[in-house]
$ cat model_31.txt   # compact mmCIF, C-alpha atoms
# COMPACT_ATOMS: atom_id res chain seq x y z
CA MET A 1 6.83 -9.34 -48.92
CA SER A 2 9.96 -8.46 -46.99
CA ASP A 3 10.32 -8.67 -43.21
CA PHE A 4 10.39 -4.87 -43.15
CA ASP A 5 7.07 -4.61 -44.94
CA GLN A 6 5.52 -7.18 -42.62
CA THR A 7 6.76 -5.33 -39.55
CA ARG A 8 5.61 -1.99 -40.92
CA ASP A 9 2.11 -3.31 -41.67
CA ASP A 10 1.79 -4.68 -38.12
CA VAL A 11 2.60 -1.34 -36.50
CA LYS A 12 -0.41 0.73 -35.47
CA ALA A 13 -0.24 4.45 -36.25
CA ALA A 14 -0.05 6.95 -33.42
CA VAL A 15 -3.44 8.42 -32.53
CA SER A 16 -3.93 12.01 -31.38
CA ASN A 17 -5.69 12.61 -28.06
CA GLY A 18 -7.54 15.50 -29.69
CA ILE A 19 -5.96 18.18 -27.50
CA SER A 20 -4.45 21.12 -29.39
CA PRO A 21 -0.96 22.45 -28.53
CA PRO A 22 -0.90 25.39 -26.07
CA ASN A 23 -1.67 28.80 -27.53
CA PHE A 24 1.34 30.38 -25.85
CA GLU A 25 5.06 30.21 -26.47
CA LEU A 26 7.59 28.72 -24.10
CA PRO A 27 11.20 29.86 -23.88
CA ILE A 28 13.99 27.51 -24.88
CA PRO A 29 14.62 25.24 -21.84
CA ASP A 30 18.32 26.03 -21.54
CA SER A 31 18.48 26.37 -17.74
CA PRO A 32 17.08 24.42 -14.76
CA ASP A 33 14.75 27.23 -13.72
CA ILE A 34 13.28 27.61 -17.21
CA ILE A 35 12.65 23.86 -17.41
CA THR A 36 10.62 24.02 -14.20
CA ALA A 37 8.79 27.19 -15.20
CA ASN A 38 7.85 25.79 -18.62
CA LEU A 39 6.39 22.62 -17.14
CA LEU A 40 4.41 24.58 -14.55
CA LYS A 41 2.88 26.67 -17.34
CA LEU A 42 1.77 23.49 -19.10
CA VAL A 43 0.46 21.95 -15.88
CA ALA A 44 -1.56 25.09 -15.19
CA GLN A 45 -3.85 24.05 -18.06
CA THR A 46 -5.15 21.06 -16.07
CA PRO A 47 -8.94 21.60 -15.89
CA ASN A 48 -9.57 19.71 -12.63
CA PRO A 49 -8.69 22.15 -9.79
CA ARG A 50 -7.64 19.53 -7.28
CA LEU A 51 -5.56 17.59 -9.80
CA LYS A 52 -3.91 20.82 -10.98
CA PHE A 53 -3.05 21.73 -7.38
CA ILE A 54 -1.48 18.32 -6.74
CA TYR A 55 0.32 18.26 -10.08
CA GLN A 56 1.82 21.73 -9.57
CA LEU A 57 3.10 20.96 -6.08
CA LEU A 58 4.45 17.59 -7.24
CA VAL A 59 6.44 19.25 -10.03
CA GLN A 60 7.72 21.98 -7.73
CA HIS A 61 8.86 19.59 -5.00
CA ILE A 62 10.44 17.03 -7.34
CA HIS A 63 12.32 19.71 -9.27
CA THR A 64 13.45 21.32 -6.02
CA PHE A 65 14.67 17.93 -4.79
CA VAL A 66 16.67 17.35 -7.98
CA LYS A 67 18.23 20.81 -7.78
CA GLU A 68 19.03 20.69 -4.05
CA THR A 69 20.65 17.26 -4.32
CA ASN A 70 22.35 18.09 -7.65
CA LEU A 71 21.20 14.66 -8.76
CA SER A 72 23.66 12.97 -11.11
CA THR A 73 22.67 11.07 -14.25
CA ASP A 74 23.85 7.81 -12.69
CA GLU A 75 21.76 8.43 -9.56
CA TRP A 76 18.72 9.29 -11.67
CA MET A 77 19.17 6.08 -13.67
CA ALA A 78 19.57 4.06 -10.47
CA ALA A 79 16.27 5.50 -9.22
CA ILE A 80 14.54 4.68 -12.52
CA THR A 81 15.87 1.11 -12.37
CA PHE A 82 14.73 0.75 -8.76
CA LEU A 83 11.20 2.02 -9.42
CA THR A 84 10.97 -0.21 -12.49
CA SER A 85 11.89 -3.25 -10.39
CA VAL A 86 9.28 -2.27 -7.80
CA GLY A 87 6.60 -2.17 -10.49
CA GLN A 88 7.71 -5.48 -11.97
CA LYS A 89 7.25 -7.20 -8.59
CA CYS A 90 3.60 -6.13 -8.38
CA THR A 91 0.93 -8.72 -9.10
CA GLY A 92 -2.82 -8.93 -8.71
CA LEU A 93 -2.26 -10.01 -5.10
CA ARG A 94 1.04 -8.34 -4.22
CA GLN A 95 1.42 -4.53 -4.15
CA GLU A 96 5.11 -3.74 -3.92
CA MET A 97 4.37 -0.03 -4.43
CA ILE A 98 2.44 0.04 -1.15
CA LEU A 99 5.39 -1.64 0.56
CA LEU A 100 7.68 1.09 -0.76
CA SER A 101 5.18 3.70 0.41
CA ASP A 102 5.28 2.08 3.86
CA VAL A 103 9.08 2.25 4.01
CA LEU A 104 9.06 5.94 3.06
CA GLY A 105 6.44 6.70 5.71
CA VAL A 106 3.98 7.95 3.11
CA SER A 107 1.32 5.36 3.93
CA ALA A 108 1.29 6.28 7.62
CA LEU A 109 1.28 10.01 6.82
CA VAL A 110 -1.68 9.76 4.43
CA ASP A 111 -3.57 7.58 6.90
CA SER A 112 -2.92 10.00 9.76
CA LEU A 113 -4.13 12.98 7.74
CA ASN A 114 -7.27 11.20 6.56
CA ASN A 115 -8.17 9.50 9.84
CA PRO A 116 -7.41 11.86 12.74
CA VAL A 117 -8.05 10.30 16.14
CA GLY A 118 -10.54 12.10 18.35
CA GLY A 119 -13.04 11.53 21.09
CA GLY A 120 -11.37 8.41 22.42
CA ALA A 121 -11.70 6.49 19.15
CA THR A 122 -9.34 3.63 18.33
CA GLU A 123 -6.34 4.81 16.39
CA ASN A 124 -6.40 3.93 12.71
CA SER A 125 -3.61 2.03 10.97
CA VAL A 126 -2.55 1.48 7.37
CA LEU A 127 -4.35 -1.15 5.31
CA GLY A 128 -1.06 -2.57 4.10
CA PRO A 129 -0.34 -4.48 0.89
CA PHE A 130 -1.49 -7.93 1.97
CA TYR A 131 -5.22 -7.41 2.37
CA THR A 132 -7.48 -9.12 -0.16
CA ASP A 133 -11.26 -8.97 -0.35
CA ASP A 134 -11.78 -12.68 -1.06
CA ALA A 135 -11.69 -14.05 2.49
CA GLU A 136 -14.38 -16.53 3.37
CA GLU A 137 -17.09 -15.64 5.87
CA LEU A 138 -16.75 -17.43 9.19
CA GLU A 139 -18.84 -17.71 12.32
CA LEU A 140 -17.91 -16.07 15.59
CA GLY A 141 -15.24 -18.06 17.36
CA ASP A 142 -14.02 -19.87 14.24
CA SER A 143 -10.29 -20.19 13.69
CA ILE A 144 -8.37 -18.42 10.93
CA ALA A 145 -5.29 -20.53 11.72
CA SER A 146 -6.17 -22.75 8.79
CA GLU A 147 -2.82 -24.51 8.52
CA GLY A 148 -2.87 -25.54 12.16
CA LYS A 149 0.74 -24.42 12.59
CA GLY A 150 2.35 -22.14 15.12
CA ARG A 151 1.13 -21.22 18.60
CA ASN A 152 -2.55 -20.33 18.96
CA MET A 153 -3.86 -16.96 20.11
CA TYR A 154 -7.39 -16.17 21.24
CA VAL A 155 -8.80 -12.68 20.68
CA GLU A 156 -11.98 -11.38 22.31
CA GLY A 157 -13.45 -7.90 22.36
CA ARG A 158 -16.41 -5.62 21.75
CA ILE A 159 -17.22 -3.05 19.08
CA LEU A 160 -18.30 0.17 20.84
CA THR A 161 -18.98 3.79 19.97
CA THR A 162 -16.80 6.49 21.49
CA GLY A 163 -19.60 6.85 24.03
CA GLY A 164 -19.30 3.21 25.06
CA GLU A 165 -22.47 1.98 23.36
CA PRO A 166 -22.37 -1.39 21.52
CA ILE A 167 -22.45 -1.22 17.72
CA PRO A 168 -24.68 -3.90 16.16
CA ASN A 169 -24.25 -5.53 12.74
CA ALA A 170 -20.54 -4.77 12.46
CA VAL A 171 -18.46 -6.82 10.03
CA ILE A 172 -14.93 -7.62 11.11
CA GLU A 173 -12.14 -8.72 8.81
CA THR A 174 -8.88 -10.02 10.21
CA TRP A 175 -5.66 -11.13 8.57
CA GLU A 176 -2.16 -11.92 9.74
CA ALA A 177 1.12 -13.55 8.81
CA ASP A 178 1.71 -17.27 9.28
CA HIS A 179 4.21 -19.11 11.44
CA ASN A 180 6.95 -18.27 8.94
CA GLY A 181 6.23 -14.55 9.13
CA PHE A 182 4.63 -14.41 5.66
CA TYR A 183 1.14 -13.60 4.41
CA ASP A 184 -0.74 -15.97 2.13
CA THR A 185 -0.33 -13.58 -0.83
CA GLN A 186 3.44 -14.04 -0.61
CA TYR A 187 3.19 -17.70 -1.60
CA THR A 188 3.20 -18.54 -5.30
CA ASN A 189 0.97 -21.59 -4.76
CA ARG A 190 -1.81 -19.61 -3.04
CA THR A 191 -5.23 -20.93 -4.06
CA ARG A 192 -7.41 -19.30 -1.43
CA PRO A 193 -7.08 -16.92 1.54
CA THR A 194 -5.47 -18.33 4.67
CA ALA A 195 -4.94 -16.66 8.04
CA ALA A 196 -7.84 -14.33 7.22
CA ASP A 197 -11.58 -14.20 7.80
CA ASP A 198 -14.70 -12.10 7.52
CA CYS A 199 -17.25 -12.34 10.32
CA GLY A 200 -20.05 -10.41 12.00
CA THR A 201 -20.24 -9.29 15.61
CA GLY A 202 -23.48 -11.17 16.23
CA ARG A 203 -24.36 -10.32 19.81
CA ARG A 204 -22.12 -7.24 19.60
CA LYS A 205 -19.06 -9.16 20.67
CA LEU A 206 -16.25 -10.66 18.71
CA TRP A 207 -14.04 -13.60 19.38
CA VAL A 208 -11.71 -15.38 17.03
CA SER A 209 -9.02 -18.01 17.27
CA CYS A 210 -5.83 -17.53 15.33
CA ARG A 211 -2.11 -18.14 15.50
CA ARG A 212 0.12 -16.00 17.64
CA ALA A 213 1.29 -13.32 15.22
CA MET A 214 4.91 -13.58 14.17
CA CYS A 215 7.55 -10.91 13.71
CA LEU A 216 7.49 -10.04 10.02
CA PRO A 217 10.65 -9.85 7.90
CA HIS A 218 10.88 -7.53 4.92
CA PRO A 219 11.85 -9.79 1.97
CA ARG A 220 15.46 -8.80 1.34
CA ARG A 221 15.45 -9.95 -2.27
CA ARG A 222 12.60 -7.58 -3.01
CA PRO A 223 13.31 -3.96 -4.05
CA ARG A 224 11.82 -2.69 -0.80
CA GLY A 225 14.21 -4.91 1.16
CA ALA A 226 17.15 -3.37 -0.65
CA ALA A 227 15.95 0.11 0.34
CA VAL A 228 15.68 -0.99 3.98
CA ASP A 229 19.22 -2.39 3.90
CA LEU A 230 20.62 0.83 2.39
CA SER A 231 19.14 2.88 5.23
CA ARG A 232 20.58 0.46 7.80
CA SER A 233 17.12 -0.21 9.25
CA SER A 234 15.91 -3.43 10.80
CA GLN A 235 14.12 -5.68 8.33
CA HIS A 236 11.58 -6.86 10.90
CA ALA A 237 8.16 -5.40 11.74
CA PRO A 238 6.50 -6.09 15.13
CA ASN A 239 4.09 -9.02 15.28
CA HIS A 240 0.49 -7.91 14.76
CA LEU A 241 -3.03 -8.94 13.80
CA HIS A 242 -4.81 -6.73 11.24
CA MET A 243 -8.45 -5.80 11.79
CA MET A 244 -10.96 -3.91 9.68
CA VAL A 245 -14.35 -3.09 11.19
CA GLU A 246 -17.32 -1.75 9.25
CA ALA A 247 -20.87 -0.99 10.39
CA PRO A 248 -23.72 0.94 8.75
CA GLY A 249 -23.60 4.62 9.70
CA TYR A 250 -20.10 4.51 11.17
CA HIS A 251 -16.62 5.41 9.97
CA LYS A 252 -14.68 2.35 8.81
CA LEU A 253 -11.86 1.41 11.15
CA ILE A 254 -8.64 -0.20 9.98
CA THR A 255 -6.34 -1.00 12.85
CA ALA A 256 -3.99 -3.65 14.19
CA LEU A 257 -3.55 -5.52 17.45
CA TYR A 258 0.03 -5.77 18.68
CA PRO A 259 -0.04 -8.50 21.32
CA GLU A 260 2.46 -8.56 24.13
CA VAL A 261 4.83 -11.46 23.57
CA VAL A 262 5.28 -13.55 26.70
CA THR A 263 8.04 -16.14 26.59
CA THR A 264 7.62 -19.29 28.64

$ encode --input "model_31.txt" --output "structure tokens"
Amino acid sequence: MSDFDQTRDDVKAAVSNGISPPNFELPIPDSPDIITANLLKLVAQTPNPRLKFIYQLLVQHIHTFVKETNLSTDEWMAAITFLTSVGQKCTGLRQEMILLSDVLGVSALVDSLNNPVGGGATENSVLGPFYTDDAEELELGDSIASEGKGRNMYVEGRILTTGGEPIPNAVIETWEADHNGFYDTQYTNRTRPTAADDCGTGRRKLWVSCRRAMCLPHPRRRPRGAAVDLSRSSQHAPNHLHMMVEAPGYHKLITALYPEVVTT
């Protein structure tokens, strides 16, 4: 048996998805406007109303962007290469796509639309790409500064309704960067969560010991870092401590504490 025969036998045949071609004709796509119109006709067949609405607007806005910028083939290829590199950096613990969404302001925009602040409630913040749901459960007052490095910070507070009433049985998750300005998921030798915890409010109060949060650098060798450099933006984010609070019957809160840095 030849190498060709062996290769041919190993290839699986293409399988139809069972959807018939459209029962209408489309004009030859020999102009930019016809290309857009043809795709919108195909997208209009999407059975889910919400998905069809999103898909149609996505096509319209992307095609408008390409036309308005007169995007060149080289620029298109550069964008494809960039997005490919972003995807290749993603792992089970690291979401580079969320980081890119953060840089473009999409994460904050989606969060603002879905979590409008009202009635004196604490302002919501983005979840970010470094949260993981495998943090160990700790008691009130325990330290999440597991490495014992950096300067300590003590956080104390209460979980209240917008009317000022204490909320019982709330679960609080906190996570932050270490003394180097990196989260545990950014280390290749990570074996368990560090600088993170999951605890209950107990007597409707919270207190936790941790390290003083560090200013966070965007990794410059990552695709997102390259995008930041191209826009001439600072690569540092303000120091902060992430918090997620959940309680039965209440809206989940994801926010962050930005402590005032006092130099001594």

$ atom_distance --input "model_31.txt" --atom1 "atom CA of A:Tyr187" --atom2 "atom CA of A:Val86"
17.7 Å

$ closest_residue --input "model_31.txt" --among "A:Ala78, A:Ile19, A:Ser85, A:Thr255" --to "A:Thr46" --atoms "all atoms listed in the file"
A:Ile19

$ atom_distance --input "model_31.txt" --atom1 "atom CA of A:Asp33" --atom2 "atom CA of A:Thr73"
18.0 Å

$ atom_distance --input "model_31.txt" --atom1 "atom CA of A:Ser125" --atom2 "atom CA of A:Ala108"
7.3 Å

$ closest_residue --input "model_31.txt" --among "A:Lys52, A:Arg151, A:His179, A:His242" --to "A:Asn124" --atoms "only C-alpha atoms"
A:His242

$ closest_residue --input "model_31.txt" --among "A:Val110, A:Leu241, A:Val126, A:Leu83" --to "A:Met153" --atoms "all atoms listed in the file"
A:Leu241

$ residues_around --input "model_31.txt" --residues "A:Pro21" --least-positions-apart "3" --cutoff "10 Å" --atoms "all atoms listed in the file" --output "MDAnalysis selection string"
chainID A and resid 18 24 42

$ closest_residue --input "model_31.txt" --among "A:Asn70, A:Gln56, A:Thr161, A:Asn239" --to "A:Gly181" --atoms "all atoms listed in the file"
A:Asn239

$ decode --input "model_31.txt" --residues "stretch 101-113 of chain A" --atoms "all heavy atoms" --output "PDB file, in the first residue's frame"
ATOM      1  N   SER A 101     -10.592  41.971  25.260  1.00  0.00           N
ATOM      2  CA  SER A 101     -11.872  42.644  25.445  1.00  0.00           C
ATOM      3  C   SER A 101     -11.740  43.791  26.440  1.00  0.00           C
ATOM      4  O   SER A 101     -12.350  44.856  26.260  1.00  0.00           O
ATOM      5  CB  SER A 101     -12.914  41.630  25.941  1.00  0.00           C
ATOM      6  OG  SER A 101     -14.143  42.249  26.233  1.00  0.00           O
ATOM      7  N   ASP A 102     -10.925  43.606  27.471  1.00  0.00           N
ATOM      8  CA  ASP A 102     -10.685  44.665  28.451  1.00  0.00           C
ATOM      9  C   ASP A 102     -10.022  45.877  27.791  1.00  0.00           C
ATOM     10  O   ASP A 102     -10.412  47.026  28.021  1.00  0.00           O
ATOM     11  CB  ASP A 102      -9.789  44.159  29.583  1.00  0.00           C
ATOM     12  CG  ASP A 102     -10.467  43.101  30.441  1.00  0.00           C
ATOM     13  OD1 ASP A 102     -11.691  42.932  30.315  1.00  0.00           O
ATOM     14  OD2 ASP A 102      -9.760  42.435  31.219  1.00  0.00           O
ATOM     15  N   VAL A 103      -8.992  45.619  26.983  1.00  0.00           N
ATOM     16  CA  VAL A 103      -8.251  46.695  26.331  1.00  0.00           C
ATOM     17  C   VAL A 103      -9.162  47.501  25.401  1.00  0.00           C
ATOM     18  O   VAL A 103      -9.057  48.728  25.308  1.00  0.00           O
ATOM     19  CB  VAL A 103      -7.050  46.126  25.548  1.00  0.00           C
ATOM     20  CG1 VAL A 103      -6.430  47.182  24.644  1.00  0.00           C
ATOM     21  CG2 VAL A 103      -5.999  45.604  26.511  1.00  0.00           C
ATOM     22  N   LEU A 104     -10.068  46.824  24.725  1.00  0.00           N
ATOM     23  CA  LEU A 104     -10.971  47.490  23.785  1.00  0.00           C
ATOM     24  C   LEU A 104     -12.164  48.142  24.471  1.00  0.00           C
ATOM     25  O   LEU A 104     -12.999  48.765  23.820  1.00  0.00           O
ATOM     26  CB  LEU A 104     -11.467  46.476  22.744  1.00  0.00           C
ATOM     27  CG  LEU A 104     -10.388  45.892  21.824  1.00  0.00           C
ATOM     28  CD1 LEU A 104     -10.990  44.828  20.915  1.00  0.00           C
ATOM     29  CD2 LEU A 104      -9.725  46.994  20.994  1.00  0.00           C
ATOM     30  N   GLY A 105     -12.266  47.974  25.795  1.00  0.00           N
ATOM     31  CA  GLY A 105     -13.362  48.579  26.533  1.00  0.00           C
ATOM     32  C   GLY A 105     -14.676  47.828  26.430  1.00  0.00           C
ATOM     33  O   GLY A 105     -15.695  48.275  26.957  1.00  0.00           O
ATOM     34  N   VAL A 106     -14.655  46.682  25.770  1.00  0.00           N
ATOM     35  CA  VAL A 106     -15.886  45.913  25.587  1.00  0.00           C
ATOM     36  C   VAL A 106     -16.347  45.306  26.909  1.00  0.00           C
ATOM     37  O   VAL A 106     -17.542  45.314  27.228  1.00  0.00           O
ATOM     38  CB  VAL A 106     -15.695  44.822  24.516  1.00  0.00           C
ATOM     39  CG1 VAL A 106     -16.945  43.956  24.396  1.00  0.00           C
ATOM     40  CG2 VAL A 106     -15.359  45.447  23.173  1.00  0.00           C
ATOM     41  N   SER A 107     -15.417  44.792  27.691  1.00  0.00           N
ATOM     42  CA  SER A 107     -15.776  44.175  28.971  1.00  0.00           C
ATOM     43  C   SER A 107     -16.501  45.169  29.868  1.00  0.00           C
ATOM     44  O   SER A 107     -17.559  44.864  30.437  1.00  0.00           O
ATOM     45  CB  SER A 107     -14.518  43.660  29.679  1.00  0.00           C
ATOM     46  OG  SER A 107     -13.812  42.745  28.881  1.00  0.00           O
ATOM     47  N   ALA A 108     -15.954  46.377  29.995  1.00  0.00           N
ATOM     48  CA  ALA A 108     -16.559  47.393  30.854  1.00  0.00           C
ATOM     49  C   ALA A 108     -17.921  47.819  30.311  1.00  0.00           C
ATOM     50  O   ALA A 108     -18.855  48.061  31.080  1.00  0.00           O
ATOM     51  CB  ALA A 108     -15.634  48.601  30.972  1.00  0.00           C
ATOM     52  N   LEU A 109     -18.044  47.909  28.981  1.00  0.00           N
ATOM     53  CA  LEU A 109     -19.304  48.324  28.372  1.00  0.00           C
ATOM     54  C   LEU A 109     -20.400  47.286  28.611  1.00  0.00           C
ATOM     55  O   LEU A 109     -21.529  47.633  28.987  1.00  0.00           O
ATOM     56  CB  LEU A 109     -19.102  48.551  26.871  1.00  0.00           C
ATOM     57  CG  LEU A 109     -20.305  49.072  26.082  1.00  0.00           C
ATOM     58  CD1 LEU A 109     -20.803  50.393  26.658  1.00  0.00           C
ATOM     59  CD2 LEU A 109     -19.935  49.241  24.611  1.00  0.00           C
ATOM     60  N   VAL A 110     -20.087  46.017  28.399  1.00  0.00           N
ATOM     61  CA  VAL A 110     -21.060  44.946  28.634  1.00  0.00           C
ATOM     62  C   VAL A 110     -21.467  44.917  30.098  1.00  0.00           C
ATOM     63  O   VAL A 110     -22.653  44.774  30.432  1.00  0.00           O
ATOM     64  CB  VAL A 110     -20.485  43.584  28.196  1.00  0.00           C
ATOM     65  CG1 VAL A 110     -21.393  42.441  28.638  1.00  0.00           C
ATOM     66  CG2 VAL A 110     -20.300  43.539  26.688  1.00  0.00           C
ATOM     67  N   ASP A 111     -20.491  45.062  30.983  1.00  0.00           N
ATOM     68  CA  ASP A 111     -20.778  45.035  32.417  1.00  0.00           C
ATOM     69  C   ASP A 111     -21.670  46.203  32.819  1.00  0.00           C
ATOM     70  O   ASP A 111     -22.598  46.053  33.614  1.00  0.00           O
ATOM     71  CB  ASP A 111     -19.473  45.066  33.205  1.00  0.00           C
ATOM     72  CG  ASP A 111     -19.697  44.942  34.699  1.00  0.00           C
ATOM     73  OD1 ASP A 111     -19.923  43.823  35.179  1.00  0.00           O
ATOM     74  OD2 ASP A 111     -19.649  45.979  35.390  1.00  0.00           O
ATOM     75  N   SER A 112     -21.404  47.382  32.261  1.00  0.00           N
ATOM     76  CA  SER A 112     -22.196  48.565  32.595  1.00  0.00           C
ATOM     77  C   SER A 112     -23.639  48.421  32.117  1.00  0.00           C
ATOM     78  O   SER A 112     -24.575  48.806  32.828  1.00  0.00           O
ATOM     79  CB  SER A 112     -21.560  49.807  31.965  1.00  0.00           C
ATOM     80  OG  SER A 112     -22.332  50.964  32.220  1.00  0.00           O
ATOM     81  N   LEU A 113     -23.826  47.845  30.940  1.00  0.00           N
ATOM     82  CA  LEU A 113     -25.171  47.659  30.402  1.00  0.00           C
ATOM     83  C   LEU A 113     -25.960  46.615  31.193  1.00  0.00           C
ATOM     84  O   LEU A 113     -27.170  46.746  31.369  1.00  0.00           O
ATOM     85  CB  LEU A 113     -25.091  47.230  28.934  1.00  0.00           C
ATOM     86  CG  LEU A 113     -24.614  48.295  27.944  1.00  0.00           C
ATOM     87  CD1 LEU A 113     -24.382  47.668  26.573  1.00  0.00           C
ATOM     88  CD2 LEU A 113     -25.617  49.430  27.835  1.00  0.00           C
TER      89      LEU A 113
END
